[in-house]
Amino acid sequence: MTEQATTIPGERTRRRAPRFDWTFVVFALLALLLVVLVVSPLSRLVIESFTHPKEGGFTLQNFVDVFTRQRYLTAYWHTLQLAGVTVAMSVFMALPMAFAVSRTDTPGRGMMFFAVLGAFIIPPFLGAIGWILLAGPNAGWINRLWEGLTGYEEPLVNIFSMWGLAFVIALNVFPLIFIFATSAFDLISSEMEEAAAIHGAGPLRTTWLITLPLALPAVLGACMLVFLETIALYGTPALIAIPARFNVATTQLTTFFEYPARIELAMAFSVPLVLVTIVLLAAQRLMLRGGTVAVSGKGGAREPMKIGRWRYVLLAHGILVMLLAVVLPAVILVTTSFSVAWAKPFTFDNMTLQNFHEILFEQQTVRDAIWNTYKVAFSGATICTVLGFMIAYMVIRKMVPMASILAFLTVSPVAVPGIVLAICFYAAYAGPPLSMYGSSLLLIVAFVTRFLPIAFVSLSSGVRSMNPELEEAVRIHGGGRFRALTEVVAPVLKKNLLGVWILVFVICSRELSTAIFLSSHNNRVISILTLDLSEQGEYENLAAMGVLLLVITTAVVAIGMRFLGRDFMLRRN
Amino acid sequence: MKRRTFLMTTAAAAALLPLAANAASHMDEKIAPLYEAAKPEGEITWYVVPMDSETAERVGQKFTELYPGIKVNVVRSTATVAFQKLNQDIDSGVANCDVLTTSNVAHAEDLKSRDLLLKYAPMRKGEALAAFQGADPDDFYHITTAGPMGIVYNTDLVSEAEAPKNWPDLLDPKWKGKLAIGHPGFSGYVGIWAVKMEELYGWDYFDKLLEQDPYIGRSSIDVVTTTAAGETAVGAGPMTSALISAEKGNPMATIVPTDGMVIITSPSCILKNAPHPEAAKLFMEFLLGKEIAELTVDQFSTPIRGDVTPREGVAPLTEDNVITATKEQIIDGVSVTAEKFRDTFGI
């Protein structure tokens with residue numbers, strides 16, 4: 001880049017004095033920062049899992065301990081089962097919707113879009129609480145309705161089971177498949193479908209033979225992401241898997257932290273999870289690369305398929321998913337938050353503002369947690385956006401040698417499940433010499449590391465889409481790189497930046513897995529407090545907290561949509 | 001209840017100044033110098049187990065009301081989680097906790113053996129009932145609450161006649177899928193209860209319990225909330241929480257098992273590295289004092305002092321209706337039993 005600049009005639013003479021090249025300083029700083037954020041914590045995984053806890057030194061004993069306990073192995077097996085079922089359920093929820101929205105003339109496509117957005121906004125642990133209230137085997141509203149209608153005492157649905165757990169997780173993660181599937185469907189040219197139609201295929205046959213196979217790689221890739229989300233999730237299993245007596249890897253991981261804490265076992269137990277993640281991510285990349293010749297570019301014309309009466313099937317499916325994922329949990333949370341006792345009918349006698357009074361005015365703990373949540377989310381989102389932008393710019397414009405190393409370091413936390421990342425941060429920074437345990441800073445740092453890949457990937461594509469001529473113009477007129485960055489690139493990309501900021505803000509405000517081992521009472525965030533208070537099963541106060549969280553988050557998203565257009569949250573690269 | 005709380009809060013706020021003066025003048029003569037020493041510290045962090053978070057917050061507010069200028073940070077969790085967090089603090093060299101009140105005396109004993117506790121002989125230690133005195137001869141910890149585990153049931157679903165009368169009655173097949181218990185790997189109450197059940201009825205009791213397909217909460221308090229909601233019909237839970245729930249209008253009642261309630265006595269201790277040591281000592285006095293006893297007795301607790309009377313409905317402790325675990329049983333037994341429980345129940 002610098003060489004290219006010197007070839008422009010006259011540029012050198014116009015400079016008053018040779019400037020100090022700040023890029024290397026910035027590079028060094030960023031590299032150092034990434035060592036702190038990524039290399040140091042993640043290296044703990046390898047170091048601790050192979051280290052003898054007492055004597056130090058290399059050992060394989062930790063792995064032997066982990067792989068010879070039946071209960072630990074069962075937890076892995078349960079996790080695999082759970083993830084498999086969750087993937088199947090989310091495909092069933094997402095794929096017809098994605099197809100309807102992207103390819104057909106089904107009515108109510110806007111509504112489906114909001115269903116997906118809503119499912120994305122509701123934090124997993126709140127969805128889980130909502131579904132405990134709805135589908136608890138005896139007191140859940142659905143089962144009581146069922147008993148009232150049919151007289152059968154056997155519950156219709158039991159949330160406290162592997163199926164229930166998978167169902168609740170699927171309701172939360174299906175937007176991932178929806179996003180990938182719609183973007184694949186959007187790129188399929190109608191010509192192929194028309195060709196099939198000309199040869200006499202009906203809509204069903206065309207879809208089955210043409211559309212679905214073309215979108216398959218993207219859908220499979222998304223399935224793997226769902227699989228990874230599921231094996232790394234802690235909140236929903238803590239609420240549902242323990243009563244269901246279904247031990248999964250993440251609930252097992254937390255027991256290693258019981259006194260006496262066995263970090264080395266936790267690390268050894270995490271290693272297979274990380275390996276599975278790396279393998280699946282690699283497979284996903286391969287899949288998205290090959291076999292999609294027909295899905296290249298936006299060339300062909302796209303007409304919504306006329307699918308006749310199938311429209312209504314798809315519409316019904318969309319409404320059902322929206323009810324299950326958004327409307328029912330939201331309604332039950334809101335009514336519970338205004339109830340004296342959640343299991344009683346929502347009548348006038350049973351209505352109260354006491355739960356909100358309790359959390360807003362009585363319980364100092366809750367107020368602290370709310371404040372802390374937004375402090376962490378605000379800082380996390382801001383740091384992620386700024387850092388992601390700087391790294392993306394340096395990498396895309398190849399401003400420094402070995403820029404690809406920066407890129408690699410930045411995205412590598414993707415391969416580490418959130419709960420494992422928390423253990424790594426705990427091992428690296430909680431104790432002496434830094435003793436950051438219990439500080440908000442530790443949470444912010446961990447959140448930044450976890451979500452930096454999202455900011456980086458998203459902003460990279462923004463920077464890539466910009467023609468470098470604009471920045472060169474600044475440089476020709478004597479402006480520095482920094483000036484080009486702040487006065488030209490950032491303003492041009494301001495929508496991308498704001499979009500990334502809001503996205504990271506929302507996911508920070510509800511993140512639980514990464515916070516789990518890093519929280520003491522000083523830096524508790526809402527998600528952690530919800531989990532702590534859920535031990536006592538007091539769902540009325542929990543629901544009030546959840547409603548408050550949802551209101552604030554929804555407001556932020558609504559503001560974002562107003563400025564950025566409605567699909568900013570769901571756009572992925 | 002709600003209105004009363006609200007009115008009380010407003011009244012307290014309106015009368016803050018005179019009240020503060022009042023508190024100071026009526027304050028126990030012996031305590032006054034301790035308050036003076038504690039006041040500059042301004043706050044105290046209390047890790048607390050044997051009460052629900054609402055009651056714990058009220059206790060904290062009561063302390064601030066009595067000793068203005070000292071705020072209480074309440075951190076409520078199950079015994080195992082509290083101990084885990086405390087040990088994370090210790091391992092990472094961070095001093096957070098001033099006073100720990102836990103339902104598992106083994107945790108206090110363990111901290112004592114690791115030389116992590118501050119020795120303190122409260123001025124009020126002789127004021128508790130004799131049975132609750134002298135838990136630790138070396139004065140590193142003191143019993144500050146006592147609570148019984150009994151049988152709780154949902155009165156909408158179960159009549160008094162058909163309710164279980166003793167612990168083995170919970171194994172009756174009619175409660176299959178309708179029974180709630182807590183998890184000894186989380187709850188100190190359930191840990192001690194499980195140790196005593198194993199002693200009385202053998203591990204067979206838990207094998208049969210598994211066949212009942214029980215709902216397993218983490219905290220013993222979850223047993224009460226789940227049963228009150230009708231999700232389960234009967235359960236083994238803390239009787240104090242059950243009575244609080246009944247007073248709120250939930251269909252909830254308690255049974256004193258014929259083979260005895262399991263009494264859990266919870267010790268409090270001051271951490272050696274407590275960031276607010278003087279306030280912690282004052283808090284220890286407070287925990288043993290009459291004001292907190294009156295407050296928690298109103299919340300159906302079993303008082304540890306003789307000069308407060310328990311509320312109606314709170315079963316008095318007599319020789320033939322209680323089961324108590326020895327300190328040794330708790331220290332040696334709870335973690336072993338919890339591990340066996342995990343193997344039996346798979347979680």
# chains A, B, ... in the order shown; residues from 1 in each chain; ligands from 1
call {"tool": "interface_residues", "arguments": {"of": "chain A", "to": "chain B", "cutoff": "8 Å", "atoms": "only C-alpha atoms", "output": "MDAnalysis selection string"}}
result
chainID A and resid 71 136:140 242:247 257:261 341:344 354 362:365 430:432 435:438 520:521 532:533 535:538
call {"tool": "closest_atom_pairs", "arguments": {"of": "stretch 137-253 of chain B", "to": "stretch 296-317 of chain B", "cutoff": "7 Å", "atoms": "only C-alpha atoms", "output": "JSON lines"}}
result
{"residue": "B:Thr145", "atom": "CA", "partner": "B:Ile304", "partner_atom": "CA", "distance": 6.4}
{"residue": "B:Ala146", "atom": "CA", "partner": "B:Thr302", "partner_atom": "CA", "distance": 6.0}
{"residue": "B:Gly147", "atom": "CA", "partner": "B:Thr302", "partner_atom": "CA", "distance": 6.0}
{"residue": "B:Thr240", "atom": "CA", "partner": "B:Phe300", "partner_atom": "CA", "distance": 5.3}
{"residue": "B:Leu243", "atom": "CA", "partner": "B:Phe300", "partner_atom": "CA", "distance": 6.4}
{"residue": "B:Ile244", "atom": "CA", "partner": "B:Gln299", "partner_atom": "CA", "distance": 6.2}
call {"tool": "residues_around", "arguments": {"residues": "stretch 116-126 of chain B", "least_positions_apart": "2", "cutoff": "8 Å", "atoms": "only C-alpha atoms", "output": "list in words"}}
result
Lys30, Leu111, Lys112, Ser113, Arg114, Ala128, Leu129, Gln133, Asp138, Asp139, Phe140, Tyr141, His142, Cys269, Ile270, Leu271, Lys272, Asn273, Lys281, Met284, Glu285, Leu288 and Gly289 of chain B
call {"tool": "closest_residue", "arguments": {"among": "A:Met305, A:Val416, A:Val488, A:Ala241", "to": "A:Ser189", "atoms": "only C-alpha atoms"}}
result
A:Met305
call {"tool": "residues_around", "arguments": {"residues": "B:Gly188", "least_positions_apart": "6", "cutoff": "6 Å", "atoms": "only C-alpha atoms", "output": "list in words"}}
result
Ala79, Ser103 and Asn104 of chain B
call {"tool": "write_last_selection", "arguments": {"atoms": "N, CA and C atoms", "output": "PDB file, in the first residue's frame"}}
result
ATOM      1  N   ALA B  79     -25.676 -23.892  49.812  1.00  0.00           N
ATOM      2  CA  ALA B  79     -24.437 -24.039  50.582  1.00  0.00           C
ATOM      3  C   ALA B  79     -23.233 -24.327  49.683  1.00  0.00           C
ATOM      4  N   SER B 103     -25.400 -23.522  55.816  1.00  0.00           N
ATOM      5  CA  SER B 103     -26.150 -24.598  56.453  1.00  0.00           C
ATOM      6  C   SER B 103     -25.304 -25.860  56.596  1.00  0.00           C
ATOM      7  N   ASN B 104     -24.107 -25.835  56.077  1.00  0.00           N
ATOM      8  CA  ASN B 104     -23.251 -27.016  56.181  1.00  0.00           C
ATOM      9  C   ASN B 104     -22.060 -26.704  57.076  1.00  0.00           C
TER      10      ASN B 104
END
call {"tool": "residues_around", "arguments": {"residues": "B:Glu278", "least_positions_apart": "3", "cutoff": "7 Å", "atoms": "only C-alpha atoms", "output": "PyMOL selection string"}}
result
chain B and resi 34+37-38+281-282
call {"tool": "closest_residue", "arguments": {"among": "A:Leu493, A:Leu518, A:Val38, A:Met466", "to": "A:Leu406", "atoms": "only C-alpha atoms"}}
result
A:Val38
